[in-house]
$ cat coords.txt   # compact mmCIF, C-alpha atoms
# COMPACT_ATOMS: atom_id res chain seq x y z
CA MET A 1 10.79 -0.81 5.97
CA SER A 2 7.38 0.52 5.01
CA ILE A 3 4.33 -1.65 4.68
CA THR A 4 3.37 -2.63 1.14
CA ASP A 5 0.41 -1.00 -0.55
CA GLU A 6 -1.43 -4.32 -0.65
CA ALA A 7 -0.91 -4.99 3.05
CA LEU A 8 -1.94 -1.46 3.85
CA LEU A 9 -5.14 -1.85 1.88
CA GLY A 10 -5.75 -5.05 3.79
CA GLY A 11 -5.65 -3.03 6.97
CA VAL A 12 -8.06 -0.54 5.47
CA ALA A 13 -10.41 -3.39 4.59
CA LEU A 14 -10.33 -4.48 8.21
CA GLY A 15 -11.11 -0.94 9.37
CA GLN A 16 -7.82 -0.41 11.19
CA PRO A 17 -7.52 3.33 11.99
CA ASP A 18 -3.73 3.38 11.61
CA ALA A 19 -3.97 1.75 8.21
CA ILE A 20 -6.63 4.20 7.08
CA GLU A 21 -4.54 7.15 8.21
CA GLU A 22 -1.45 5.79 6.49
CA PHE A 23 -3.40 5.02 3.31
CA ILE A 24 -4.75 8.56 3.15
CA SER A 25 -1.32 10.03 3.82
CA ARG A 26 0.27 7.86 1.16
CA TYR A 27 -2.28 8.55 -1.55
CA GLU A 28 -4.06 11.86 -0.92
CA ARG A 29 -1.64 13.91 -3.03
CA ARG A 30 -1.79 11.41 -5.84
CA VAL A 31 -5.59 11.16 -5.86
CA TYR A 32 -6.20 14.87 -5.52
CA GLY A 33 -3.53 15.66 -8.11
CA ALA A 34 -5.01 13.26 -10.63
CA ALA A 35 -8.50 14.60 -10.05
CA LEU A 36 -7.33 18.20 -10.34
CA ALA A 37 -5.45 17.45 -13.55
CA ILE A 38 -8.57 16.03 -15.15
CA VAL A 39 -11.42 18.17 -13.85
CA ARG A 40 -9.42 21.43 -13.63
CA ASP A 41 -11.55 22.69 -10.76
CA ARG A 42 -10.29 22.67 -7.18
CA SER A 43 -13.70 22.27 -5.56
CA LEU A 44 -14.73 19.51 -7.90
CA ALA A 45 -11.36 17.80 -7.51
CA GLN A 46 -11.84 17.79 -3.75
CA GLU A 47 -15.25 16.18 -4.16
CA VAL A 48 -13.81 13.56 -6.44
CA ALA A 49 -10.91 12.84 -4.09
CA GLN A 50 -13.26 12.43 -1.15
CA ASP A 51 -15.51 10.14 -3.16
CA ALA A 52 -12.51 8.11 -4.25
CA PHE A 53 -11.37 7.47 -0.69
CA LEU A 54 -14.92 6.69 0.38
CA ARG A 55 -15.09 4.16 -2.42
CA VAL A 56 -11.80 2.62 -1.33
CA TRP A 57 -13.03 2.40 2.23
CA ARG A 58 -16.27 0.74 1.21
CA HIS A 59 -14.77 -1.63 -1.34
CA ALA A 60 -11.25 -2.33 -0.08
CA ASP A 61 -12.22 -5.92 0.52
CA THR A 62 -12.96 -6.42 -3.17
CA TYR A 63 -9.49 -5.37 -4.30
CA ASP A 64 -7.83 -8.12 -6.27
CA PRO A 65 -4.03 -7.89 -6.36
CA ARG A 66 -3.88 -10.19 -9.37
CA ARG A 67 -5.55 -7.66 -11.61
CA ARG A 68 -3.66 -4.46 -10.96
CA SER A 69 -1.57 -2.65 -8.38
CA VAL A 70 -3.20 -0.67 -5.59
CA ASN A 71 -1.96 2.52 -7.17
CA THR A 72 -3.45 1.68 -10.56
CA TRP A 73 -6.68 0.50 -8.94
CA LEU A 74 -6.97 3.77 -7.07
CA MET A 75 -6.18 5.84 -10.15
CA ARG A 76 -8.83 3.93 -12.10
CA ILE A 77 -11.39 4.67 -9.39
CA THR A 78 -10.41 8.32 -9.35
CA HIS A 79 -10.53 8.57 -13.11
CA ASN A 80 -14.00 7.04 -13.33
CA LEU A 81 -15.28 9.45 -10.71
CA CYS A 82 -13.75 12.34 -12.67
CA VAL A 83 -15.52 11.25 -15.83
CA ASP A 84 -18.80 11.00 -13.94
CA ALA A 85 -18.29 14.44 -12.42
CA LEU A 86 -17.52 15.97 -15.78
CA ARG A 87 -20.66 14.46 -17.26
CA VAL A 88 -22.65 16.63 -14.90
CA ARG A 89 -20.73 19.78 -15.80
CA ARG A 90 -20.19 19.45 -19.52
CA PRO A 91 -19.59 21.08 -21.92
CA LEU A 92 -15.94 21.01 -20.93
CA ALA A 93 -13.53 23.47 -22.45
CA VAL A 94 -10.61 21.38 -23.57
CA ASP A 95 -7.35 23.06 -24.43
CA PRO A 96 -5.10 20.74 -26.45
CA ALA A 97 -1.98 22.28 -24.96
CA THR A 98 -3.33 21.69 -21.48
CA LEU A 99 -4.17 18.12 -22.36
CA LEU A 100 -0.67 17.41 -23.52
CA ASP A 101 0.70 18.88 -20.32
CA LEU A 102 -1.46 16.64 -18.19
CA THR A 103 1.22 14.14 -17.43
CA ASP A 104 4.04 16.58 -16.86
CA GLY A 105 3.22 17.71 -13.37
CA GLU A 106 4.90 17.31 -10.05
CA HIS A 107 5.63 13.77 -9.01
CA ASP A 108 7.39 11.75 -6.38
CA PRO A 109 10.99 11.42 -7.57
CA ALA A 110 11.67 8.37 -5.46
CA ARG A 111 8.94 6.33 -7.04
CA ASP A 112 8.22 7.98 -10.32
CA MET A 113 11.55 8.96 -11.75
CA HIS A 114 12.17 5.77 -13.63
CA ALA A 115 8.69 4.32 -13.88
CA LEU A 116 6.91 7.29 -15.38
CA ALA A 117 9.51 8.82 -17.62
CA PRO A 118 8.76 6.29 -20.38
CA VAL A 119 5.05 7.16 -20.26
CA ARG A 120 5.72 10.82 -20.73
CA ALA A 121 8.30 10.14 -23.40
CA ALA A 122 5.94 7.81 -25.25
CA LEU A 123 3.18 10.38 -25.22
CA ARG A 124 5.53 12.95 -26.68
CA THR A 125 6.38 10.71 -29.59
CA LEU A 126 2.78 10.64 -30.83
CA PRO A 127 1.64 13.03 -33.53
CA PRO A 128 -0.15 15.87 -31.69
CA GLU A 129 -3.55 15.03 -33.11
CA GLN A 130 -3.22 11.41 -31.98
CA ALA A 131 -1.95 12.39 -28.54
CA ARG A 132 -4.89 14.74 -28.14
CA THR A 133 -7.39 12.12 -29.22
CA VAL A 134 -5.94 9.45 -26.94
CA LEU A 135 -5.99 11.84 -23.99
CA LEU A 136 -9.54 12.91 -24.70
CA ALA A 137 -10.63 9.29 -24.65
CA ALA A 138 -8.36 8.00 -21.88
CA MET A 139 -8.65 10.93 -19.50
CA TYR A 140 -12.04 12.45 -20.23
CA GLY A 141 -13.96 9.41 -21.39
CA TYR A 142 -14.77 10.93 -24.76
CA ASN A 143 -15.88 8.39 -27.33
CA ALA A 144 -15.11 8.67 -31.03
CA GLN A 145 -18.43 10.34 -31.79
CA MET A 146 -17.84 13.03 -29.18
CA ILE A 147 -14.30 13.63 -30.41
CA SER A 148 -15.58 13.83 -33.97
CA GLU A 149 -18.01 16.55 -32.98
CA LEU A 150 -15.55 18.38 -30.74
CA ASP A 151 -12.76 18.52 -33.29
CA HIS A 152 -14.95 18.67 -36.40
CA ILE A 153 -13.41 15.59 -37.95
CA PRO A 154 -15.08 12.55 -39.52
CA LEU A 155 -16.04 9.76 -37.13
CA GLY A 156 -13.72 7.36 -38.92
CA THR A 157 -10.81 9.73 -38.43
CA ALA A 158 -11.51 9.96 -34.71
CA LYS A 159 -11.63 6.17 -34.40
CA THR A 160 -8.41 5.81 -36.38
CA ARG A 161 -6.61 8.35 -34.22
CA ILE A 162 -7.65 6.54 -31.05
CA ARG A 163 -6.48 3.22 -32.46
CA LEU A 164 -3.19 4.43 -33.90
CA GLY A 165 -2.39 6.62 -30.93
CA LEU A 166 -2.97 3.96 -28.30
CA GLU A 167 -1.19 1.37 -30.43
CA LYS A 168 1.91 3.55 -30.67
CA LEU A 169 1.74 4.26 -26.96
CA ARG A 170 1.44 0.56 -26.21
CA LEU A 171 4.36 -0.38 -28.41
CA SER A 172 6.50 2.37 -26.98
CA LEU A 173 5.73 1.29 -23.43
CA ASN A 174 6.39 -2.33 -24.28
CA GLU A 175 9.77 -1.40 -25.64
CA SER A 176 10.67 0.45 -22.48
CA HIS A 177 9.13 -2.24 -20.26
CA ALA A 178 7.31 0.50 -18.41
CA ASP A 179 4.28 -1.66 -17.87
CA GLU A 180 6.32 -4.11 -15.77
CA GLU A 181 7.75 -1.28 -13.72
CA LEU A 182 4.30 0.01 -12.90
CA ARG A 183 3.34 -3.23 -11.21
CA MET B 1 -26.02 -11.18 -33.45
CA ASN B 2 -23.19 -10.80 -35.97
CA GLU B 3 -19.85 -12.13 -34.88
CA LEU B 4 -16.80 -9.97 -35.35
CA SER B 5 -13.63 -11.18 -37.03
CA CYS B 6 -10.25 -10.80 -35.32
CA SER B 7 -9.45 -8.03 -37.76
CA ALA B 8 -12.59 -6.12 -36.82
CA VAL B 9 -11.91 -6.61 -33.12
CA SER B 10 -8.35 -5.40 -33.60
CA ASP B 11 -9.72 -2.18 -35.07
CA LEU B 12 -11.96 -1.70 -32.02
CA ALA B 13 -9.58 -3.00 -29.35
CA ALA B 14 -8.22 0.41 -28.34
CA GLU B 15 -11.70 1.86 -27.89
CA ALA B 16 -12.74 -1.25 -25.96
CA ALA B 17 -9.75 -0.90 -23.65
CA LEU B 18 -10.60 2.74 -23.02
CA ASP B 19 -14.25 1.82 -22.48
CA VAL B 20 -15.44 4.35 -25.03
CA LEU B 21 -17.20 1.96 -27.41
CA PRO B 22 -20.93 2.29 -27.96
CA GLY B 23 -22.86 -0.46 -26.19
CA ASP B 24 -23.67 -2.54 -29.25
CA GLU B 25 -20.09 -2.64 -30.50
CA ARG B 26 -18.78 -3.29 -27.01
CA ALA B 27 -21.08 -6.27 -26.64
CA LEU B 28 -19.84 -7.73 -29.91
CA VAL B 29 -16.21 -7.20 -28.97
CA PHE B 30 -16.58 -8.87 -25.59
CA GLU B 31 -18.46 -11.74 -27.12
CA HIS B 32 -15.48 -12.28 -29.40
CA LEU B 33 -12.99 -11.96 -26.54
CA GLU B 34 -14.65 -14.77 -24.66
CA HIS B 35 -13.30 -17.25 -27.17
CA CYS B 36 -10.25 -15.51 -28.67
CA ALA B 37 -7.15 -15.43 -26.48
CA ALA B 38 -5.11 -13.46 -29.02
CA CYS B 39 -7.56 -10.57 -29.16
CA LEU B 40 -7.93 -10.76 -25.40
CA ARG B 41 -4.19 -10.25 -24.97
CA LEU B 42 -4.30 -7.32 -27.38
CA VAL B 43 -7.05 -5.56 -25.44
CA GLU B 44 -5.27 -6.29 -22.16
CA SER B 45 -2.13 -4.67 -23.48
CA TYR B 46 -4.12 -1.58 -24.40
CA VAL B 47 -5.64 -1.52 -20.91
CA ARG B 48 -2.15 -1.53 -19.42
CA ALA B 49 -1.16 1.38 -21.66
CA ALA B 50 -4.24 3.31 -20.57
CA ASP B 51 -3.49 2.51 -16.92
CA ALA B 52 0.04 3.80 -17.39
CA LEU B 53 -1.37 7.11 -18.57
CA LEU B 54 -3.54 7.44 -15.49
CA VAL B 55 -0.70 6.58 -13.14
CA SER B 56 1.43 9.26 -14.79
CA LEU B 57 -0.94 12.04 -13.76
CA PRO B 58 0.69 14.62 -11.51
CA GLN B 59 0.41 14.86 -7.75
CA ALA B 60 -0.69 18.03 -6.03
CA ASP B 61 -0.57 19.52 -2.57
CA VAL B 62 -3.79 18.71 -0.74
CA PRO B 63 -5.76 21.63 0.67
CA GLU B 64 -6.00 21.48 4.45
CA GLU B 65 -9.77 21.44 4.17
CA LEU B 66 -9.73 18.29 2.06
CA SER B 67 -7.16 16.62 4.26
CA THR B 68 -9.40 17.20 7.26
CA ARG B 69 -12.50 16.03 5.41
CA LEU B 70 -10.82 12.81 4.33
CA ARG B 71 -9.81 11.95 7.85
CA SER B 72 -13.18 12.78 9.34
CA ALA B 73 -15.39 11.29 6.65
CA VAL B 74 -13.73 8.06 5.66
CA PRO B 75 -13.74 6.22 9.00
CA SER B 76 -17.40 7.05 9.53
CA VAL B 77 -18.53 5.05 6.53
CA PRO B 78 -19.92 1.60 7.28
CA ARG B 79 -18.39 -1.16 5.23
CA SER B 80 -19.46 -4.56 4.21
CA ARG B 81 -17.83 -7.17 6.42
CA ARG B 82 -16.40 -9.49 3.82
CA SER B 83 -12.94 -10.63 4.74
CA TYR B 84 -9.89 -9.20 3.07
CA ALA B 85 -8.63 -12.75 2.89
CA LYS B 86 -11.24 -13.48 0.26
CA PRO B 87 -9.18 -12.42 -2.75
CA LEU B 88 -6.14 -14.16 -1.34
CA LEU B 89 -8.03 -17.39 -0.93
CA GLY B 90 -9.41 -16.82 -4.38
CA ALA B 91 -5.87 -16.91 -5.71
CA VAL B 92 -5.85 -20.65 -5.18
CA ALA B 93 -9.00 -21.08 -7.17
CA VAL B 94 -7.80 -18.84 -9.93
CA ILE B 95 -4.96 -21.20 -10.73
CA LEU B 96 -7.52 -23.83 -11.54
CA VAL B 97 -9.74 -21.58 -13.58
CA ALA B 98 -7.19 -19.12 -14.88
CA LEU B 99 -8.67 -18.56 -18.28
CA THR B 100 -12.13 -17.92 -16.92
CA VAL B 101 -10.80 -15.43 -14.43
CA VAL B 102 -8.80 -13.64 -17.09
CA LEU B 103 -11.91 -13.31 -19.20
CA VAL B 104 -13.98 -12.07 -16.31
CA GLY B 105 -11.18 -9.86 -15.12
CA LEU B 106 -10.73 -8.29 -18.49
CA ARG B 107 -14.41 -7.62 -18.82
CA ALA B 108 -14.34 -5.81 -15.48
CA THR B 109 -11.07 -4.10 -16.31
CA SER B 110 -12.00 -2.79 -19.68
CA ASN B 111 -15.63 -2.24 -18.96
CA THR B 112 -14.77 0.11 -16.13
CA HIS B 113 -18.23 1.66 -15.97
CA TYR B 114 -20.10 -1.19 -14.43
CA ASN B 115 -22.02 -1.88 -11.29
CA PRO B 116 -22.57 -0.51 -8.76
CA GLN B 117 -24.67 2.10 -10.48
CA ALA B 118 -24.88 5.62 -9.22
CA GLU B 119 -27.07 8.62 -9.74
CA VAL B 120 -25.60 12.08 -9.70
CA GLY B 121 -26.97 15.58 -9.67
CA SER B 122 -25.88 19.16 -9.52
CA LEU B 123 -27.16 21.13 -6.54
CA VAL B 124 -28.58 24.36 -7.89
CA SER B 125 -29.56 27.43 -5.94
CA PRO B 126 -32.27 29.71 -7.35
CA SER B 127 -30.02 32.72 -6.78
CA ASN B 128 -26.51 31.35 -7.12
CA GLY B 129 -26.69 28.62 -9.75
CA HIS B 130 -24.48 25.60 -9.10
CA VAL B 131 -23.58 25.32 -5.43
CA GLY B 132 -22.56 21.68 -5.12
CA SER B 133 -23.31 18.14 -6.07
CA VAL B 134 -25.12 15.00 -4.98
CA LYS B 135 -24.19 11.41 -5.60
CA VAL B 136 -26.26 8.37 -4.77
CA ASP B 137 -24.71 4.92 -4.90
CA THR B 138 -27.63 2.69 -5.71
CA GLY B 139 -26.06 -0.64 -4.86
CA ALA B 140 -27.15 -3.13 -2.24
CA ASP B 141 -26.51 -0.55 0.48
CA PRO B 142 -27.65 2.76 -1.00
CA TRP B 143 -25.46 5.64 0.05
CA ILE B 144 -25.81 9.36 -0.54
CA SER B 145 -23.14 12.03 -0.42
CA MET B 146 -23.69 15.75 -0.78
CA ASN B 147 -21.11 18.46 -1.22
CA VAL B 148 -21.50 22.23 -1.17
CA ASP B 149 -18.72 24.47 -2.35
CA GLY B 150 -17.95 27.84 -3.85
CA ALA B 151 -19.00 30.00 -0.91
CA SER B 152 -22.48 30.32 -2.38
CA LEU B 153 -24.32 29.34 0.78
CA ALA B 154 -24.02 31.19 4.05
CA ASP B 155 -22.22 29.37 6.83
CA GLY B 156 -24.56 27.41 9.02
CA THR B 157 -26.36 24.11 9.36
CA TYR B 158 -28.73 22.93 6.66
CA ARG B 159 -31.11 20.00 6.47
CA CYS B 160 -30.57 17.42 3.74
CA GLU B 161 -33.81 15.92 2.54
CA VAL B 162 -35.34 14.09 -0.37
CA LEU B 163 -38.72 14.66 -1.93
CA LEU B 164 -40.17 11.35 -3.08
CA THR B 165 -42.33 10.76 -6.10
CA SER B 166 -45.19 10.22 -3.63
CA ASN B 167 -44.62 13.84 -2.50
CA ALA B 168 -43.48 12.62 0.90
CA THR B 169 -40.41 14.31 2.34
CA VAL B 170 -37.68 12.38 4.14
CA THR B 171 -34.98 14.11 6.17
CA LEU B 172 -31.58 12.48 5.75
CA GLY B 173 -29.25 14.48 7.98
CA ASN B 174 -27.62 17.83 8.56
CA LEU B 175 -24.98 19.49 6.42
CA THR B 176 -22.75 22.08 8.03
CA VAL B 177 -21.35 24.79 5.77
CA ALA B 178 -18.21 26.50 7.00
CA ALA B 179 -16.17 28.97 4.99
CA GLY B 180 -18.50 28.35 2.09
CA SER B 181 -18.15 24.62 1.84
CA GLY B 182 -19.33 21.48 3.53
CA SER B 183 -20.27 17.91 2.97
CA TRP B 184 -22.48 15.23 4.37
CA ASN B 185 -22.84 11.57 3.54
CA GLY B 186 -24.69 8.65 4.97
CA PRO B 187 -26.86 5.65 4.23
CA LEU B 188 -29.93 6.27 2.11
CA GLU B 189 -32.93 4.79 3.84
CA VAL B 190 -35.32 5.24 0.93
CA ASN B 191 -35.48 3.55 -2.44
CA PRO B 192 -33.34 5.66 -4.80
CA ASP B 193 -35.83 5.01 -7.59
CA HIS B 194 -38.49 6.84 -5.60
CA ILE B 195 -36.51 10.08 -5.25
CA SER B 196 -37.89 13.05 -7.10
CA VAL B 197 -35.40 15.70 -5.98
CA VAL B 198 -32.72 16.13 -3.33
CA ARG B 199 -32.95 19.37 -1.37
CA VAL B 200 -30.85 21.47 0.97
CA VAL B 201 -33.09 23.32 3.41
CA ALA B 202 -32.16 26.25 5.65
CA GLY B 203 -33.17 26.47 9.28
CA ASN B 204 -36.10 28.74 8.40
CA GLY B 205 -37.49 26.14 6.02
CA ASP B 206 -36.34 27.81 2.81
CA VAL B 207 -35.12 25.43 0.15
CA VAL B 208 -31.73 26.92 -0.73
CA ALA B 209 -30.65 24.34 -3.30
CA MET B 210 -32.01 21.28 -5.01
CA ALA B 211 -30.85 18.61 -7.41
CA GLY B 212 -32.50 16.16 -9.72
CA LEU B 213 -30.70 12.88 -10.21
CA THR B 214 -29.52 11.32 -13.42
CA ARG B 215 -28.04 7.90 -13.77
CA ALA B 216 -24.29 7.74 -14.13
CA ASP B 217 -22.22 4.61 -14.17
CA VAL B 218 -19.48 4.68 -11.60
CA GLY B 219 -16.05 3.30 -11.58
CA GLU B 220 -14.33 0.21 -10.42
CA SER B 221 -15.59 -1.34 -7.22
$ encode --input "coords.txt" --output "structure tokens"
Amino acid sequence: MSITDEALLGGVALGQPDAIEEFISRYERRVYGAALAIVRDRSLAQEVAQDAFLRVWRHADTYDPRRRSVNTWLMRITHNLCVDALRVRRPLAVDPATLLDLTDGEHDPARDMHALAPVRAALRTLPPEQARTVLLAAMYGYNAQMISELDHIPLGTAKTRIRLGLEKLRLSLNESHADEELR
Amino acid sequence: MNELSCSAVSDLAAEAALDVLPGDERALVFEHLEHCAACLRLVESYVRAADALLVSLPQADVPEELSTRLRSAVPSVPRSRRSYAKPLLGAVAVILVALTVVLVGLRATSNTHYNPQAEVGSLVSPSNGHVGSVKVDTGADPWISMNVDGASLADGTYRCEVLLTSNATVTLGNLTVAAGSGSWNGPLEVNPDHISVVRVVAGNGDVVAMAGLTRADVGES
């Protein structure tokens, strides 16, 4: 029986070499894959992944299991580092088709098959313009003003698309109980 | 400061959850959330939806170079010595102050770009353009990491240094470039606010790349 993510992170916080090795092995594909999906640059994705693990190492003792799972915590760290990295290298060429494919990549069947299918399905149910807007905001950290300028739409339209898109995604996930499965 | 109605907060809740609200609107929303449990639950539900999106991102095979770097770099980083038991012990306290913790937790969850602050920069070579990046964590224990990539610099050992606003130069460490890439990180012994530029210097003293720093909020933890 494998050690839980939370217990493993506890070992990382204590500086246990075996725990650190196991943590890297367990998460390196996930972290690098997420970074690569967002920044679309292998060198930059490697920098982000390294920074993400450094951040985990330095702040493992601040992880709070009541707030979110280790996996979600790590993905949030990785995402924030991606957004920071992209700030340095903008303007970013964003292909809507690529954005919509973001969540369709390779995944771990044992863990993801049931938990993530609802997320992908929910995203597919959104009108394309709402899916694009939600992904621009959620993945790239674009605010409504930036989306308005990027897509040449009124600011109010950008804000409405973010609201409606995330609302539909939320309702869809609630219906499928995917949020409970992610914990 | 004008207070927002629940209806107004509902309109902004998705942007608040994604942390893409302008500062003034974000402040108003969080002020409202501190005394409105219903709106707080709404924003939390949006945060969970956004988290689900992030978790659904694909995995990818890790380049051997990165795998090696992770295993060599991570254990060398000094950590604070707070006990891991702290959050577990905190669980007892949270039962007593659940609502407060939820409010604080949501603020940290939704407002994902919060302390510690960081400064970032793009390492630029006069002849090759972008060759890498610099990041400075400007928290209680300042930390600097530098990465070179893209095979723009010749293999070899380079000196990492900072030029201060006083025009003094401080050497930080050595960065080894192999197969066109390399990285170095370590504690920053100077005040980050006093840094003018970060430089990569060849053995013959030539400055081969430099970076100015701009403030960038960094992610959770």
$ atom_distance --input "coords.txt" --atom1 "CA of Leu57 (chain B)" --atom2 "CA of Ala60 (chain A)"
22.4 Å
$ axis_aligned_box --input "coords.txt" --around "region 162-170 of chain A" --padding-each-side "6 Å" --output "lines of an AutoDock Vina configuration file"
center_x = -2.9
center_y = 3.6
center_z = -30.1
size_x = 21.6
size_y = 18.1
size_z = 19.7
$ closest_residue --input "coords.txt" --among "A:Lys159, A:Arg55, A:Asp61, A:Gln46" --to "Ala137 (chain A)" --atoms "all atoms listed in the file"
A:Lys159
$ residues_near_point --input "coords.txt" --point "(-8.0, -15.2, -27.7)" --cutoff "12 Å" --atoms "all atoms listed in the file" --output "list of chain:residue names"
B:Ser5, B:Cys6, B:Val9, B:Ser10, B:Val29, B:Phe30, B:Glu31, B:His32, B:Leu33, B:Glu34, B:His35, B:Cys36, B:Ala37, B:Ala38, B:Cys39, B:Leu40, B:Arg41, B:Leu42, B:Val43, B:Glu44, B:Leu99, B:Thr100, B:Val102, B:Leu103, B:Leu106
$ residues_around --input "coords.txt" --residues "region 27-37 of chain A" --least-positions-apart "6" --cutoff "7 Å" --atoms "all atoms listed in the file" --output "JSON, numbers by chain"
{"A": [45, 46, 48, 49, 75, 78, 82, 102], "B": [57, 58, 59, 60, 61, 62]}
$ atom_distance --input "coords.txt" --atom1 "CA of Arg159 (chain B)" --atom2 "CA of His59 (chain A)"
28.2 Å
$ atom_distance --input "coords.txt" --atom1 "CA of Ala138 (chain A)" --atom2 "CA of Leu18 (chain B)"
5.8 Å
$ closest_residue --input "coords.txt" --among "B:Thr157, B:Ser181, B:Val20, B:Gly139" --to "Ile147 (chain A)" --atoms "all atoms listed in the file"
B:Val20
$ residues_around --input "coords.txt" --residues "Ser196 (chain B)" --least-positions-apart "5" --cutoff "9 Å" --atoms "only C-alpha atoms" --output "list in words"
Val162, Leu163, Leu164, Thr165, Ser166, Asn167, Ala211, Gly212 and Leu213 of chain B
$ closest_residue --input "coords.txt" --among "B:Thr214, B:Ser152, B:Asn191, B:Asn204" --to "chain A" --atoms "only C-alpha atoms"
B:Thr214
$ residues_near_point --input "coords.txt" --point "(-14.1, 17.0, 4.3)" --cutoff "9 Å" --atoms "only C-alpha atoms" --output "mmCIF file with C-alpha atoms, in the coordinates of the input"
data_model
loop_
_atom_site.group_PDB
_atom_site.id
_atom_site.type_symbol
_atom_site.label_atom_id
_atom_site.label_comp_id
_atom_site.auth_asym_id
_atom_site.auth_seq_id
_atom_site.Cartn_x
_atom_site.Cartn_y
_atom_site.Cartn_z
ATOM 1 C CA GLN A 46 -11.840 17.790 -3.750
ATOM 2 C CA GLU A 47 -15.250 16.180 -4.160
ATOM 3 C CA GLN A 50 -13.260 12.430 -1.150
ATOM 4 C CA GLU B 65 -9.770 21.440 4.170
ATOM 5 C CA LEU B 66 -9.730 18.290 2.060
ATOM 6 C CA SER B 67 -7.160 16.620 4.260
ATOM 7 C CA THR B 68 -9.400 17.200 7.260
ATOM 8 C CA ARG B 69 -12.500 16.030 5.410
ATOM 9 C CA LEU B 70 -10.820 12.810 4.330
ATOM 10 C CA ARG B 71 -9.810 11.950 7.850
ATOM 11 C CA SER B 72 -13.180 12.780 9.340
ATOM 12 C CA ALA B 73 -15.390 11.290 6.650
ATOM 13 C CA SER B 181 -18.150 24.620 1.840
ATOM 14 C CA GLY B 182 -19.330 21.480 3.530
ATOM 15 C CA SER B 183 -20.270 17.910 2.970
ATOM 16 C CA TRP B 184 -22.480 15.230 4.370
#
$ residues_around --input "coords.txt" --residues "Arg26 (chain A)" --least-positions-apart "5" --cutoff "12 Å" --atoms "only C-alpha atoms" --output "list of chain:residue names"
A:Ser2, A:Ile3, A:Thr4, A:Asp5, A:Leu8, A:Leu9, A:Ala19, A:Ile20, A:Glu21, A:Val31, A:Tyr32, A:Phe53, A:Val70, A:Asn71, A:Leu74, A:Asp108, B:Gln59, B:Val62, B:Ser67
$ residues_around --input "coords.txt" --residues "Val200 (chain B)" --least-positions-apart "2" --cutoff "12 Å" --atoms "only C-alpha atoms" --output "ChimeraX atom specification"
/B:122-126,131-134,146-148,153,156-163,170-177,182-184,197-198,202-211
$ write_last_selection --input "coords.txt" --atoms "C-alpha atoms" --output "mmCIF file, keeping the file's coordinate frame"
data_model
loop_
_atom_site.group_PDB
_atom_site.id
_atom_site.type_symbol
_atom_site.label_atom_id
_atom_site.label_comp_id
_atom_site.auth_asym_id
_atom_site.auth_seq_id
_atom_site.Cartn_x
_atom_site.Cartn_y
_atom_site.Cartn_z
ATOM 1 C CA SER B 122 -25.880 19.160 -9.520
ATOM 2 C CA LEU B 123 -27.160 21.130 -6.540
ATOM 3 C CA VAL B 124 -28.580 24.360 -7.890
ATOM 4 C CA SER B 125 -29.560 27.430 -5.940
ATOM 5 C CA PRO B 126 -32.270 29.710 -7.350
ATOM 6 C CA VAL B 131 -23.580 25.320 -5.430
ATOM 7 C CA GLY B 132 -22.560 21.680 -5.120
ATOM 8 C CA SER B 133 -23.310 18.140 -6.070
ATOM 9 C CA VAL B 134 -25.120 15.000 -4.980
ATOM 10 C CA MET B 146 -23.690 15.750 -0.780
ATOM 11 C CA ASN B 147 -21.110 18.460 -1.220
ATOM 12 C CA VAL B 148 -21.500 22.230 -1.170
ATOM 13 C CA LEU B 153 -24.320 29.340 0.780
ATOM 14 C CA GLY B 156 -24.560 27.410 9.020
ATOM 15 C CA THR B 157 -26.360 24.110 9.360
ATOM 16 C CA TYR B 158 -28.730 22.930 6.660
ATOM 17 C CA ARG B 159 -31.110 20.000 6.470
ATOM 18 C CA CYS B 160 -30.570 17.420 3.740
ATOM 19 C CA GLU B 161 -33.810 15.920 2.540
ATOM 20 C CA VAL B 162 -35.340 14.090 -0.370
ATOM 21 C CA LEU B 163 -38.720 14.660 -1.930
ATOM 22 C CA VAL B 170 -37.680 12.380 4.140
ATOM 23 C CA THR B 171 -34.980 14.110 6.170
ATOM 24 C CA LEU B 172 -31.580 12.480 5.750
ATOM 25 C CA GLY B 173 -29.250 14.480 7.980
ATOM 26 C CA ASN B 174 -27.620 17.830 8.560
ATOM 27 C CA LEU B 175 -24.980 19.490 6.420
ATOM 28 C CA THR B 176 -22.750 22.080 8.030
ATOM 29 C CA VAL B 177 -21.350 24.790 5.770
ATOM 30 C CA GLY B 182 -19.330 21.480 3.530
ATOM 31 C CA SER B 183 -20.270 17.910 2.970
ATOM 32 C CA TRP B 184 -22.480 15.230 4.370
ATOM 33 C CA VAL B 197 -35.400 15.700 -5.980
ATOM 34 C CA VAL B 198 -32.720 16.130 -3.330
ATOM 35 C CA ALA B 202 -32.160 26.250 5.650
ATOM 36 C CA GLY B 203 -33.170 26.470 9.280
ATOM 37 C CA ASN B 204 -36.100 28.740 8.400
ATOM 38 C CA GLY B 205 -37.490 26.140 6.020
ATOM 39 C CA ASP B 206 -36.340 27.810 2.810
ATOM 40 C CA VAL B 207 -35.120 25.430 0.150
ATOM 41 C CA VAL B 208 -31.730 26.920 -0.730
ATOM 42 C CA ALA B 209 -30.650 24.340 -3.300
ATOM 43 C CA MET B 210 -32.010 21.280 -5.010
ATOM 44 C CA ALA B 211 -30.850 18.610 -7.410
#
